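> One structure, as structure tokens, below. Some questions next.
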Amino acid sequence: MIREHYAFPTVRLQEQPRYRETQGKTVLVFGRNQFAAHFRWFLATVLLTTGVMVWYFTLATATRTLPTGGTPIGLILGVIGAAIIGFEMLIWPRKRFYHVRTLPFFRTKYWLKAHIWLGLFCVPVAVLHSGFRTGGSLSTGLMIVFGIVIASGIWGLFLQAYIPRFLLERVPDEVPVQETERIIELHALEFEHRLAIDQGKLGGAEVPGIEKVVDYYESTIHPYLIGETHPVVLARTASTDDHFQSLRARIPSPSHPRLHDLQTLCHLRRQFDMQRRLHWWLHSWVWVHLPLSVALVGLLIAHIYVALRYI
Ligand code: HEM
């Protein structure tokens, strides 16, 4: 028997244990619980940064110049910076090879913390190594790419922390993103079947006002559901509710249950659209972070090669 109103038959991600555990918390560095987990790394980074700065400025004061990459301290900082960048890159093969991920020291929670905090520590190391100079075009390019890699990493971290929580709040009917269109299609089919019943096509009398609902569905809602149009009035919950309220005033009450179904479907479409947008944001930053990291390594190798010729 067909139900009177839609009760979405989708498996809600929010009802899964993994999601419930994250409710009210943020992932990664931000949020009360997570910052405690990062505290040791944070402290170590602050101490190491203070240590290299004290060392650098003590030498700078003694020599009355700002040491650059060619000086002993500059060289040591350069080697440390290059080693950190080498380590940072290891996250890439680690993510690709499943068996590596499960080894004790390769677990995500350790690896990502090391990636974040060593990456941040690399900033003062690189700046001190440069002696606060931009140098030639190669080293300037290297510093710019390095800056973008760091900035995109921080941005990615922020997105990974906030988007899952935002999704929980704004997309209560979240489903795996690749399933959204199929689910909308199934709901549309079920809805059309119910329209056919109300039209009397499967026997029985026609429900008064149902033809208006059919027209409205075919002209406005169906194109919206399949992503062909994006009516402004359906872009927000409040305006959709107002819109359906005004439709109810114009359509005889026996057809109101079908209007209710349509309203529910519009809310689902909007949630799925938001889910897609949020997923795009959640993953798009990697398309800056990853290729520029590879470019960074290329520039770093060129930089080391050029620098070694002058030593
Ligand atoms: C020189 C510095 C850095 C390099 C070369 C670097 C390189 C990389 C590479 C190659 C990946 C793997 C991308 C992928 O395959 O999905 C990655 C992931 C990532 N990086 Fe960085 N990174 C650096 C600094 C940072 C910093 C400073 C942060 C944050 C403050 C950061 C945050 C992240 C995050 C959150 C991921 C995704 C990890 C995951 O989802 O498993 N990175 N990085």
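Starting from 1 in every chain, residues are counted up; chains themselves are A, B, ... following the order of the structure tokens, and ligands are numbered from 1 as listed.
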Hey, what's within 9 Å of Met143 in chain A if we count only C-alpha atoms and toss same-chain stuff fewer than 6 positions away? As a short mmCIF file (atom, residue, chain, number, x, y, z; two decimals) with N, CA and C atoms, in the first residue's frame, please?

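Here's the written file selection_19.cif:
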data_model
loop_
_atom_site.label_atom_id
_atom_site.label_comp_id
_atom_site.auth_asym_id
_atom_site.auth_seq_id
_atom_site.Cartn_x
_atom_site.Cartn_y
_atom_site.Cartn_z
N ALA A 126 61.97 28.07 6.91
CA ALA A 126 62.22 28.56 5.55
C ALA A 126 62.51 30.06 5.54
N VAL A 127 61.76 30.80 6.35
CA VAL A 127 61.95 32.26 6.38
C VAL A 127 63.34 32.59 6.92
N THR A 134 64.23 37.69 -0.71
CA THR A 134 63.51 36.87 -1.69
C THR A 134 64.48 36.18 -2.64
N LEU A 296 56.43 22.20 -5.71
CA LEU A 296 57.36 22.66 -4.66
C LEU A 296 58.59 21.77 -4.61
#
> Enumerate as a list of chain:residue names the residues within 6 Å of ligand 1, counting only C-alpha atoms and all ligand atoms.
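Answer in the requested format: A:Ile85, A:Glu88, A:Met89, A:Ile91, A:Trp92, A:Ile116, A:Gly119, A:Leu120, A:Val149, A:Ile150, A:Gly153, A:Ile154, A:Gly156, A:Leu157, A:Val286, A:Leu290, A:Ser293.
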> Leaving out Gln199 in chain A and any residue of its chain fewer than 3 positions from it, which residues lie within 10 Å of it when counting only C-alpha atoms, given as a count of residues only?
15
> Which one is closest to Gly74 in chain A: A:Ala62, A:Leu103, A:Ser130, A:Ala114? Count only C-alpha atoms.
A:Ser130
> I'd like to know which of A:Leu282, A:Leu189, A:Leu128, A:Ile197 is closest to Ala60 in chain A, using only C-alpha atoms.
A:Leu128
> So which one's closest to Glu190 in chain A, A:Asp273, A:Thr237, A:Ile163, A:Arg258? Using only C-alpha atoms, please.
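Under the stated criterion, the closest residue is A:Arg258.
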> Quick one: everything within 12 Å of Trp55 in chain A, counting only C-alpha atoms, minus sequence neighbours fewer than 4 positions away in the same chain. Send it as a ChimeraX atom specification.
/A:48-51,59-62,66-67,73-74,76-77,125,128
> Using DSSP secondary structure from the backbone, list all helix (DSSP H, G or I) positions within range 121-266 of chain A, as a ChimeraX atom specification.
/A:121-130,137-170,177-198,210-225,232-234,237-250,253-266
> Between A:Ala83, A:Leu268, A:Leu292, A:Ala161, which one has atoms that come closest to Gly147 in chain A, using only C-alpha atoms?
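Closest residue, counting only C-alpha atoms: A:Leu292.
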